Amino acid sequence: MASQARVDLDGCPIKPITICMIGAGGFIGSHLCEKLMSETPHKVLAVDVYNDKIKHLLEPASLPWSDRIQFHRINIKHDSRLEGLIKMSDLTINLAAICTPADYNTRPLDTIYSNFIDALPVVKYCSENNKRLIHFSTCEVYGKTIGSFLPKDHPLRQDPEYFVLKEDASPCIFGPIEKQRWSYACAKQLIERLIYAEGAENGLEFTIVRPFNWIGPRMDFIPGIDGPSEGVPRVLACFSNNLLRHEPLKLVDGGQSQRTFVYIKDAIEAVLLMIENPARANGHIFNVGNPNNEVTVRQLAEMMTQIYSKVSGEPPLDSPTIDVSSKEFYGEGYDDSDKRIPDMTIINRQLGWNPKTSLWDLLDSTLTYQHRTYAEAIKKSIAKPVAS
Ligand code: NAD
Ligand code: UDP
C-alpha cells in the first residue's frame, strides 16, 4: 500500500507525482504500473493502443488505486492529446516501440518510424515544457562485441575489455545496411543521441534505460492464443510456446549466441529508483541487466525444458531442440548480437541497484505462470476440429 513515510536514497521524503507512461500496456509497462499502484502514491496516465495486460489494474472501480490510474487509448503516431497529457505530468516515461527482432528485418520501415520518428514529438514536448523524460532504449545499441571480430580461439576473447558493455566507453557496432536487423538498434541509437543533445543544448532532464533481456510473466504473446498464429515473439515466448505445444525448441543458427537475462521484477526496482531519485538519475544512461545470468541460447533451451517438465509434470521430448537457420526462421537480413554482458558500475554508483534473482528461479516462476495461464487454452485449440 502507498505509505506516507517513503524516502529517497538521500533520506528526503518522496512527493507523489503524476507520470505519463507511454506504452504502459506492454510487458514492462504492465509491471511498472503494478509496482507504482501497489507500493507508491504516484498517479499514472497510462497511454497505449492496448490495455489487456493492465486490465487487472483498471477494473473494477473499487480497486484501492482506482483514482491514481487512468487509461488513454492513444496511438502516439497521430493524436494531439499527447502533448496535453505530458503537460499535466511531472515525468514522462516512453516505452512505446516495435521491439521484437522478427520485425526488424521484415518491417524495417515500421521499426525505424516507431523507434525514432514516433519518439521525436515525445522528446520535443518534454523539452519545450521542461518536463523530465525517462526513455527506454535497448542494449542492442551496443550491437556486436569487439571480441566477436577476433579469431574464434584468440585469447583476448576472454578479456572483459573485449566484451563487457559500458555505457560511457563501449562503441556501437552494427552490421551492414542490408542486414536490416540493425534498423532497430540504429533508430534507438539516434533517439538516444537526440535526447542527449536536448539535455546538453536545451537542458532537458532525461534518463535513458538500456534493458538487457528483461523477462517474466506477460512478455509478448503465445502465437495462436493471444497473438497471431504466424507471429514470432521474443525467445522466452517462442520457447514457452514450443514447450506448451510439446514441440522441439528451435535453435537459430545453433543457439550459440549468448544473453544475460534479468527478472522483470528486479529490473522494475531499478526503474522505480530512477523515478524517485531524479537528482541521481538525470543525465545518465543506465545498463539494466544481470551479468550473473549469462547462458547461450542453447543452454537457455535446455534449462527451460528441464524446468517446464518439473512445472507441468510432463516428461521432455526425446529430442527437445531442433536447429534452424536464421534465414528460415527470421528471413533475409537477420543478424545477431553475439554476447551481452552489462557493466554495472554506473547504476551501482548512482542508485545502488543490484539484481537478485537467479536464472533458474526466474524461469521457474515464469514457466509456472505460462503453464497456469496457457496450458488449458493450448489443449483446447489443439483439440478443436479444423473448419472444412
Ligand atoms: P512491449 O511490446 O511489450 O511494449 C511496448 C508497448 O508500446 C506495447 O504495449 C505497444 O502497444 C505500445 N506502443 C507501440 N507503439 C505505440 C504507439 N504508436 N502508440 C501507443 N502505444 C504504442 O515491449 P516491452 O518489452 O515492454 O518494451 C518496452 C520498451 O523497452 C521498448 O522501448 C523496448 O524497445 C525496450 N526494451 C525492452 C527490452 C526487454 O527486455 N523487454 C529489451 C530492450 C529494450
Ligand atoms: N532465438 C532462438 N529461437 C527462437 C527465438 C529466438 O534461437 O525460437 C534466438 C535469437 O536468434 C537470439 C536469441 O534467441 O539469438 C534472443 O532472441 P530474442 O528474440 O529474445 O531477442 P534479442 O535478445 O536478440 O534481442
# chains A, B, ... in the order shown; residues from 1 in each chain; ligands from 1
$ residues_near_ligand --ligand "ligand 2" --cutoff "8 Å" --atoms "only C-alpha atoms and all ligand atoms" --output "PyMOL selection string"
chain A and resi 99-102+140+212-213+232-236+238-239+249-259+297-298+326+329+336-338
$ write_last_selection --atoms "N, CA and C atoms" --output "CSV table (one decimal), in the first residue's frame"
chain,number,residue,atom,x,y,z
A,99,CYS,N,9.5,-3.8,-30.8
A,99,CYS,CA,10.8,-4.2,-30.2
A,99,CYS,C,10.9,-5.8,-30.3
A,100,THR,N,10.4,-6.4,-31.3
A,100,THR,CA,10.6,-7.9,-31.5
A,100,THR,C,11.5,-8.1,-32.7
A,101,PRO,N,12.6,-8.8,-32.5
A,101,PRO,CA,13.6,-8.9,-33.6
A,101,PRO,C,13.0,-9.4,-34.9
A,102,ALA,N,11.9,-10.3,-34.9
A,102,ALA,CA,11.3,-10.8,-36.1
A,102,ALA,C,10.8,-9.6,-37.0
A,140,GLU,N,20.7,-3.3,-27.4
A,140,GLU,CA,21.1,-3.5,-28.8
A,140,GLU,C,21.9,-2.4,-29.4
A,212,PHE,N,18.7,-5.1,-20.7
A,212,PHE,CA,19.4,-6.3,-21.2
A,212,PHE,C,18.4,-7.5,-21.0
A,213,ASN,N,17.7,-7.9,-21.9
A,213,ASN,CA,16.8,-9.1,-21.9
A,213,ASN,C,16.1,-9.2,-20.6
A,232,VAL,N,6.1,-14.1,-34.5
A,232,VAL,CA,7.3,-14.6,-33.9
A,232,VAL,C,7.7,-13.7,-32.8
A,233,PRO,N,7.3,-14.0,-31.5
A,233,PRO,CA,7.7,-13.2,-30.4
A,233,PRO,C,9.2,-13.3,-30.0
A,234,ARG,N,9.6,-12.7,-28.9
A,234,ARG,CA,11.0,-12.9,-28.4
A,234,ARG,C,11.2,-14.3,-27.8
A,235,VAL,N,12.5,-14.6,-27.5
A,235,VAL,CA,12.8,-16.0,-27.3
A,235,VAL,C,12.0,-16.7,-26.1
A,236,LEU,N,11.8,-15.9,-25.1
A,236,LEU,CA,11.0,-16.5,-23.9
A,236,LEU,C,9.7,-17.1,-24.4
A,238,CYS,N,8.7,-17.7,-27.6
A,238,CYS,CA,8.9,-18.7,-28.6
A,238,CYS,C,9.1,-20.1,-27.9
A,239,PHE,N,10.0,-20.1,-27.0
A,239,PHE,CA,10.3,-21.4,-26.3
A,239,PHE,C,9.2,-21.8,-25.4
A,249,LEU,N,12.2,-27.1,-29.3
A,249,LEU,CA,12.6,-25.7,-29.3
A,249,LEU,C,13.5,-25.4,-30.5
A,250,LYS,N,13.2,-24.4,-31.2
A,250,LYS,CA,14.1,-24.1,-32.4
A,250,LYS,C,15.3,-23.2,-32.0
A,251,LEU,N,16.5,-23.8,-32.3
A,251,LEU,CA,17.7,-23.0,-32.0
A,251,LEU,C,18.2,-22.4,-33.3
A,252,VAL,N,18.2,-21.0,-33.3
A,252,VAL,CA,18.5,-20.3,-34.5
A,252,VAL,C,20.1,-20.3,-34.7
A,253,ASP,N,20.5,-20.8,-35.8
A,253,ASP,CA,22.0,-20.8,-36.1
A,253,ASP,C,22.7,-21.6,-35.0
A,254,GLY,N,22.2,-22.6,-34.5
A,254,GLY,CA,22.9,-23.4,-33.5
A,254,GLY,C,22.7,-23.0,-32.0
A,255,GLY,N,22.1,-21.8,-31.8
A,255,GLY,CA,21.8,-21.3,-30.4
A,255,GLY,C,23.1,-21.0,-29.7
A,256,GLN,N,24.1,-20.5,-30.5
A,256,GLN,CA,25.4,-20.2,-29.9
A,256,GLN,C,25.5,-18.8,-29.3
A,257,SER,N,24.5,-17.9,-29.7
A,257,SER,CA,24.6,-16.5,-29.1
A,257,SER,C,24.4,-16.5,-27.6
A,258,GLN,N,25.0,-15.6,-27.0
A,258,GLN,CA,24.9,-15.5,-25.5
A,258,GLN,C,24.1,-14.3,-25.1
A,259,ARG,N,23.3,-14.5,-24.0
A,259,ARG,CA,22.5,-13.5,-23.5
A,259,ARG,C,22.6,-13.5,-21.9
A,297,VAL,N,22.0,-19.5,-26.0
A,297,VAL,CA,20.5,-19.7,-26.2
A,297,VAL,C,20.3,-21.2,-26.1
A,298,ARG,N,21.3,-22.0,-26.5
A,298,ARG,CA,21.1,-23.5,-26.4
A,298,ARG,C,21.0,-23.9,-24.9
A,326,SER,N,18.9,-19.0,-39.5
A,326,SER,CA,18.2,-17.7,-39.2
A,326,SER,C,17.4,-17.2,-40.4
A,329,PHE,N,14.1,-19.0,-40.2
A,329,PHE,CA,13.4,-18.6,-39.0
A,329,PHE,C,12.9,-17.1,-39.1
A,336,ASP,N,22.8,-11.0,-35.7
A,336,ASP,CA,22.6,-11.3,-34.3
A,336,ASP,C,23.7,-10.5,-33.4
A,337,SER,N,23.3,-10.2,-32.2
A,337,SER,CA,24.3,-9.8,-31.2
A,337,SER,C,24.9,-11.0,-30.7
A,338,ASP,N,26.2,-11.1,-30.6
A,338,ASP,CA,26.9,-12.3,-30.1
A,338,ASP,C,26.8,-12.5,-28.6
$ closest_atom_pairs --of "chain A" --to "ligand 1" --cutoff "6 Å" --atoms "only C-alpha atoms and all ligand atoms" --output "tab-separated table"
residue	atom	partner	partner_atom_place_in_ligand_line	distance
A:Gly23	CA	ligand 1	7 (O)	3.5
A:Gly25	CA	ligand 1	9 (O)	4.2
A:Gly26	CA	ligand 1	9 (O)	3.2
A:Phe27	CA	ligand 1	26 (O)	3.8
A:Ile28	CA	ligand 1	26 (O)	3.7
A:Gly29	CA	ligand 1	26 (O)	5.6
A:Asp48	CA	ligand 1	21 (N)	3.8
A:Val49	CA	ligand 1	20 (C)	4.9
A:Tyr50	CA	ligand 1	11 (O)	5.4
A:Ile74	CA	ligand 1	20 (C)	5.6
A:Asn75	CA	ligand 1	19 (N)	3.5
A:Ile76	CA	ligand 1	19 (N)	4.1
A:Lys77	CA	ligand 1	18 (N)	4.9
A:Leu95	CA	ligand 1	29 (C)	4.1
A:Ala96	CA	ligand 1	7 (O)	3.4
A:Ala97	CA	ligand 1	14 (C)	4.4
A:Ile98	CA	ligand 1	14 (C)	5.9
A:Cys99	CA	ligand 1	34 (O)	4.7
A:Phe136	CA	ligand 1	32 (O)	4.7
A:Ser137	CA	ligand 1	35 (C)	5.5
A:Thr138	CA	ligand 1	44 (C)	3.9
A:Cys139	CA	ligand 1	43 (C)	5.9
A:Pro211	CA	ligand 1	43 (C)	4.5
A:Phe212	CA	ligand 1	42 (C)	5.5
A:Asn213	CA	ligand 1	40 (O)	3.6
A:Trp214	CA	ligand 1	40 (O)	3.6
A:Asp220	CA	ligand 1	3 (O)	5.6
$ write_last_selection --atoms "N, CA and C atoms" --output "CSV table (one decimal), in the first residue's frame"
chain,number,residue,atom,x,y,z
A,23,GLY,N,3.1,3.5,-23.7
A,23,GLY,CA,3.5,2.1,-23.8
A,23,GLY,C,3.2,1.3,-22.5
A,25,GLY,N,0.7,-0.4,-21.6
A,25,GLY,CA,0.0,-1.6,-21.8
A,25,GLY,C,0.9,-2.8,-22.2
A,26,GLY,N,2.2,-2.5,-22.3
A,26,GLY,CA,3.1,-3.6,-22.8
A,26,GLY,C,3.6,-4.4,-21.6
A,27,PHE,N,4.6,-5.2,-21.9
A,27,PHE,CA,5.2,-6.1,-20.9
A,27,PHE,C,5.8,-5.3,-19.7
A,28,ILE,N,6.8,-4.4,-20.0
A,28,ILE,CA,7.4,-3.7,-19.0
A,28,ILE,C,6.4,-2.7,-18.3
A,29,GLY,N,5.6,-2.0,-19.2
A,29,GLY,CA,4.7,-1.1,-18.6
A,29,GLY,C,3.7,-1.7,-17.6
A,48,ASP,N,-1.6,3.9,-24.3
A,48,ASP,CA,-1.2,2.7,-25.2
A,48,ASP,C,-2.4,2.5,-26.1
A,49,VAL,N,-2.2,1.7,-27.1
A,49,VAL,CA,-3.3,1.3,-28.0
A,49,VAL,C,-4.0,0.0,-27.4
A,50,TYR,N,-3.3,-0.7,-26.6
A,50,TYR,CA,-3.9,-1.9,-25.9
A,50,TYR,C,-3.9,-1.7,-24.4
A,74,ILE,N,-4.5,5.8,-27.0
A,74,ILE,CA,-4.0,6.8,-27.9
A,74,ILE,C,-2.8,6.1,-28.7
A,75,ASN,N,-2.9,6.3,-30.0
A,75,ASN,CA,-1.7,5.9,-30.9
A,75,ASN,C,-0.9,7.2,-31.0
A,76,ILE,N,0.3,7.2,-30.4
A,76,ILE,CA,1.1,8.4,-30.4
A,76,ILE,C,1.6,8.9,-31.8
A,77,LYS,N,1.4,8.0,-32.8
A,77,LYS,CA,1.7,8.5,-34.2
A,77,LYS,C,0.9,9.7,-34.6
A,95,LEU,N,7.9,4.0,-23.3
A,95,LEU,CA,8.2,2.6,-23.5
A,95,LEU,C,7.7,2.2,-24.9
A,96,ALA,N,7.0,3.0,-25.6
A,96,ALA,CA,6.4,2.6,-26.8
A,96,ALA,C,7.4,2.3,-27.9
A,97,ALA,N,7.2,1.1,-28.5
A,97,ALA,CA,8.2,0.7,-29.6
A,97,ALA,C,7.7,-0.5,-30.3
A,98,ILE,N,8.2,-0.7,-31.5
A,98,ILE,CA,8.2,-2.1,-32.1
A,98,ILE,C,9.6,-2.7,-31.6
A,99,CYS,N,9.5,-3.8,-30.8
A,99,CYS,CA,10.8,-4.2,-30.2
A,99,CYS,C,10.9,-5.8,-30.3
A,136,PHE,N,13.1,4.6,-22.8
A,136,PHE,CA,13.6,3.3,-22.9
A,136,PHE,C,14.2,3.0,-24.3
A,137,SER,N,15.6,2.8,-24.2
A,137,SER,CA,16.3,2.4,-25.3
A,137,SER,C,16.5,0.9,-25.3
A,138,THR,N,17.7,0.4,-25.6
A,138,THR,CA,18.0,-1.0,-25.6
A,138,THR,C,19.5,-1.3,-25.5
A,139,CYS,N,19.8,-2.5,-25.0
A,139,CYS,CA,21.2,-3.0,-25.0
A,139,CYS,C,21.7,-3.2,-26.5
A,211,PRO,N,17.7,-1.7,-21.4
A,211,PRO,CA,17.4,-3.1,-20.8
A,211,PRO,C,18.2,-4.2,-21.5
A,212,PHE,N,18.7,-5.1,-20.7
A,212,PHE,CA,19.4,-6.3,-21.2
A,212,PHE,C,18.4,-7.5,-21.0
A,213,ASN,N,17.7,-7.9,-21.9
A,213,ASN,CA,16.8,-9.1,-21.9
A,213,ASN,C,16.1,-9.2,-20.6
A,214,TRP,N,15.1,-8.3,-20.3
A,214,TRP,CA,14.2,-8.4,-19.2
A,214,TRP,C,13.2,-9.5,-19.5
A,220,ASP,N,5.4,-10.5,-24.3
A,220,ASP,CA,4.9,-10.8,-25.6
A,220,ASP,C,3.6,-11.6,-25.6
$ residues_around --residues "segment 42-45 of chain A" --least-positions-apart "2" --cutoff "7 Å" --atoms "only C-alpha atoms" --output "PyMOL selection string"
chain A and resi 16-21+36+40+47+68-71
$ closest_atom_pairs --of "segment 149-253 of chain A" --to "segment 343-366 of chain A" --cutoff "7 Å" --atoms "only C-alpha atoms" --output "JSON lines"
{"residue": "A:Val164", "atom": "CA", "partner": "A:Asp343", "partner_atom": "CA", "distance": 5.9}
{"residue": "A:Leu165", "atom": "CA", "partner": "A:Asp343", "partner_atom": "CA", "distance": 5.5}
{"residue": "A:Lys166", "atom": "CA", "partner": "A:Asp343", "partner_atom": "CA", "distance": 5.2}
{"residue": "A:Gly216", "atom": "CA", "partner": "A:Thr366", "partner_atom": "CA", "distance": 5.3}
{"residue": "A:Pro217", "atom": "CA", "partner": "A:Thr366", "partner_atom": "CA", "distance": 5.4}
$ closest_residue --among "A:Pro64, A:Gly313, A:Pro223, A:Pro320" --to "Ser381 of chain A" --atoms "only C-alpha atoms"
A:Pro223
$ atom_distance --atom1 "atom CA of Lys384 of chain A" --atom2 "atom CA of Ala237 of chain A"
22.4 Å
$ atom_distance --atom1 "atom CA of Asp10 of chain A" --atom2 "atom CA of Glu269 of chain A"
16.7 Å
$ select_by_dssp --residues "segment 12-112 of chain A" --states "strand (DSSP E or B)" --output "list in words"
Pro13, Thr18, Ile19, Cys20, Met21, Ile22, Lys43, Val44, Leu45, Ala46, Val47, Asp48, Ile69, Gln70, Phe71, His72, Arg73, Leu91, Thr92, Ile93 and Asn94 of chain A
$ residues_around --residues "Asp110 of chain A" --least-positions-apart "2" --cutoff "12 Å" --atoms "only C-alpha atoms" --output "number ranges by chain"
A: 77, 97-100, 103-108, 112-118, 180, 183-184, 187
$ select_by_dssp --residues "segment 182-361 of chain A" --states "helix (DSSP H, G or I)" --output "ChimeraX atom specification"
/A:182-202,235-244,253-255,264-276,278-281,297-312,326-330,345-351,359-361
$ residues_around --residues "Met274 of chain A" --least-positions-apart "6" --cutoff "12 Å" --atoms "only C-alpha atoms" --output "PyMOL selection string"
chain A and resi 8-9+91+93+132-135+206-209+267-268+280-286+288+347-348+350-353
$ write_last_selection --atoms "N, CA and C atoms" --output "tab-separated table (two decimals), in the first residue's frame"
chain	number	residue	atom	x	y	z
A	8	ASP	N	13.71	8.98	-0.33
A	8	ASP	CA	14.58	8.60	-1.44
A	8	ASP	C	15.94	8.14	-0.90
A	9	LEU	N	16.89	7.89	-1.82
A	9	LEU	CA	18.19	7.34	-1.40
A	9	LEU	C	19.00	8.31	-0.55
A	91	LEU	N	6.51	13.77	-14.98
A	91	LEU	CA	7.51	12.89	-15.60
A	91	LEU	C	6.83	12.12	-16.73
A	93	ILE	N	7.43	8.72	-19.16
A	93	ILE	CA	8.24	7.51	-19.39
A	93	ILE	C	7.81	6.97	-20.74
A	132	ARG	N	10.50	16.20	-17.19
A	132	ARG	CA	11.51	15.15	-17.12
A	132	ARG	C	11.10	13.96	-18.00
A	133	LEU	N	12.09	13.33	-18.63
A	133	LEU	CA	11.82	12.18	-19.51
A	133	LEU	C	12.69	10.99	-19.11
A	134	ILE	N	12.04	9.82	-18.95
A	134	ILE	CA	12.79	8.56	-18.86
A	134	ILE	C	12.48	7.81	-20.15
A	135	HIS	N	13.49	7.63	-20.99
A	135	HIS	CA	13.27	7.00	-22.29
A	135	HIS	C	13.86	5.59	-22.31
A	206	PHE	N	16.80	14.21	-18.48
A	206	PHE	CA	16.50	12.90	-19.06
A	206	PHE	C	17.24	11.78	-18.36
A	207	THR	N	16.69	10.58	-18.48
A	207	THR	CA	17.38	9.34	-18.12
A	207	THR	C	17.11	8.37	-19.26
A	208	ILE	N	18.16	7.66	-19.69
A	208	ILE	CA	17.99	6.65	-20.74
A	208	ILE	C	18.23	5.27	-20.12
A	209	VAL	N	17.31	4.34	-20.40
A	209	VAL	CA	17.42	2.98	-19.86
A	209	VAL	C	17.78	2.04	-21.00
A	267	ALA	N	14.31	-5.77	-12.37
A	267	ALA	CA	14.54	-4.62	-13.24
A	267	ALA	C	13.60	-3.46	-12.89
A	268	ILE	N	12.37	-3.78	-12.53
A	268	ILE	CA	11.39	-2.73	-12.19
A	268	ILE	C	11.83	-1.98	-10.93
A	280	ARG	N	19.87	11.79	-8.89
A	280	ARG	CA	20.89	10.76	-9.13
A	280	ARG	C	20.75	10.13	-10.52
A	281	ALA	N	19.55	10.24	-11.10
A	281	ALA	CA	19.31	9.55	-12.38
A	281	ALA	C	19.41	10.47	-13.59
A	282	ASN	N	19.15	11.78	-13.39
A	282	ASN	CA	19.12	12.68	-14.56
A	282	ASN	C	20.49	12.79	-15.22
A	283	GLY	N	20.45	12.81	-16.56
A	283	GLY	CA	21.68	12.96	-17.33
A	283	GLY	C	22.44	11.66	-17.53
A	284	HIS	N	21.87	10.55	-17.02
A	284	HIS	CA	22.58	9.27	-17.11
A	284	HIS	C	21.92	8.30	-18.09
A	285	ILE	N	22.77	7.43	-18.63
A	285	ILE	CA	22.32	6.27	-19.39
A	285	ILE	C	22.63	5.08	-18.51
A	286	PHE	N	21.63	4.21	-18.29
A	286	PHE	CA	21.84	3.07	-17.40
A	286	PHE	C	21.66	1.73	-18.11
A	288	VAL	N	20.61	-1.90	-17.56
A	288	VAL	CA	19.87	-2.63	-16.52
A	288	VAL	C	19.79	-4.09	-16.94
A	347	ILE	N	25.10	2.17	-12.67
A	347	ILE	CA	23.83	2.01	-11.93
A	347	ILE	C	24.10	1.69	-10.46
A	348	ASN	N	25.19	1.00	-10.23
A	348	ASN	CA	25.59	0.71	-8.85
A	348	ASN	C	25.97	1.96	-8.10
A	350	GLN	N	25.25	5.19	-8.90
A	350	GLN	CA	24.21	6.23	-8.81
A	350	GLN	C	23.02	5.78	-7.97
A	351	LEU	N	22.63	4.50	-8.10
A	351	LEU	CA	21.36	4.07	-7.49
A	351	LEU	C	21.51	2.89	-6.54
A	352	GLY	N	22.74	2.35	-6.43
A	352	GLY	CA	22.97	1.23	-5.52
A	352	GLY	C	22.15	-0.01	-5.88
A	353	TRP	N	21.78	-0.13	-7.17
A	353	TRP	CA	20.91	-1.26	-7.57
A	353	TRP	C	21.72	-2.49	-7.99
$ decode --residues "segment 66-78 of chain A" --atoms "N, CA and C atoms" --output "short mmCIF file (atom, residue, chain, number, x, y, z; two decimals), in the first residue's frame"
data_model
loop_
_atom_site.label_atom_id
_atom_site.label_comp_id
_atom_site.auth_asym_id
_atom_site.auth_seq_id
_atom_site.Cartn_x
_atom_site.Cartn_y
_atom_site.Cartn_z
N SER A 66 -7.81 3.05 -7.74
CA SER A 66 -8.52 3.40 -8.99
C SER A 66 -8.51 4.90 -9.30
N ASP A 67 -8.31 5.75 -8.27
CA ASP A 67 -8.24 7.20 -8.57
C ASP A 67 -6.81 7.61 -8.96
N ARG A 68 -5.87 6.64 -9.03
CA ARG A 68 -4.49 7.01 -9.38
C ARG A 68 -4.04 6.46 -10.73
N ILE A 69 -4.92 5.78 -11.43
CA ILE A 69 -4.53 5.30 -12.77
C ILE A 69 -5.67 5.55 -13.76
N GLN A 70 -5.29 6.13 -14.90
CA GLN A 70 -6.27 6.38 -15.98
C GLN A 70 -5.69 5.82 -17.25
N PHE A 71 -6.53 5.13 -18.03
CA PHE A 71 -6.04 4.61 -19.31
C PHE A 71 -6.48 5.53 -20.44
N HIS A 72 -5.55 5.90 -21.33
CA HIS A 72 -5.86 6.72 -22.51
C HIS A 72 -5.50 5.91 -23.74
N ARG A 73 -6.52 5.49 -24.50
CA ARG A 73 -6.24 4.70 -25.70
C ARG A 73 -5.81 5.66 -26.81
N ILE A 74 -4.50 5.77 -26.96
CA ILE A 74 -3.95 6.76 -27.90
C ILE A 74 -2.84 6.11 -28.70
N ASN A 75 -2.88 6.32 -30.03
CA ASN A 75 -1.74 5.94 -30.85
C ASN A 75 -0.87 7.18 -30.98
N ILE A 76 0.34 7.16 -30.45
CA ILE A 76 1.14 8.39 -30.40
C ILE A 76 1.59 8.86 -31.77
N LYS A 77 1.38 8.04 -32.80
CA LYS A 77 1.71 8.46 -34.16
C LYS A 77 0.89 9.67 -34.59
N HIS A 78 -0.36 9.69 -34.15
CA HIS A 78 -1.25 10.76 -34.65
C HIS A 78 -2.33 11.03 -33.61
#
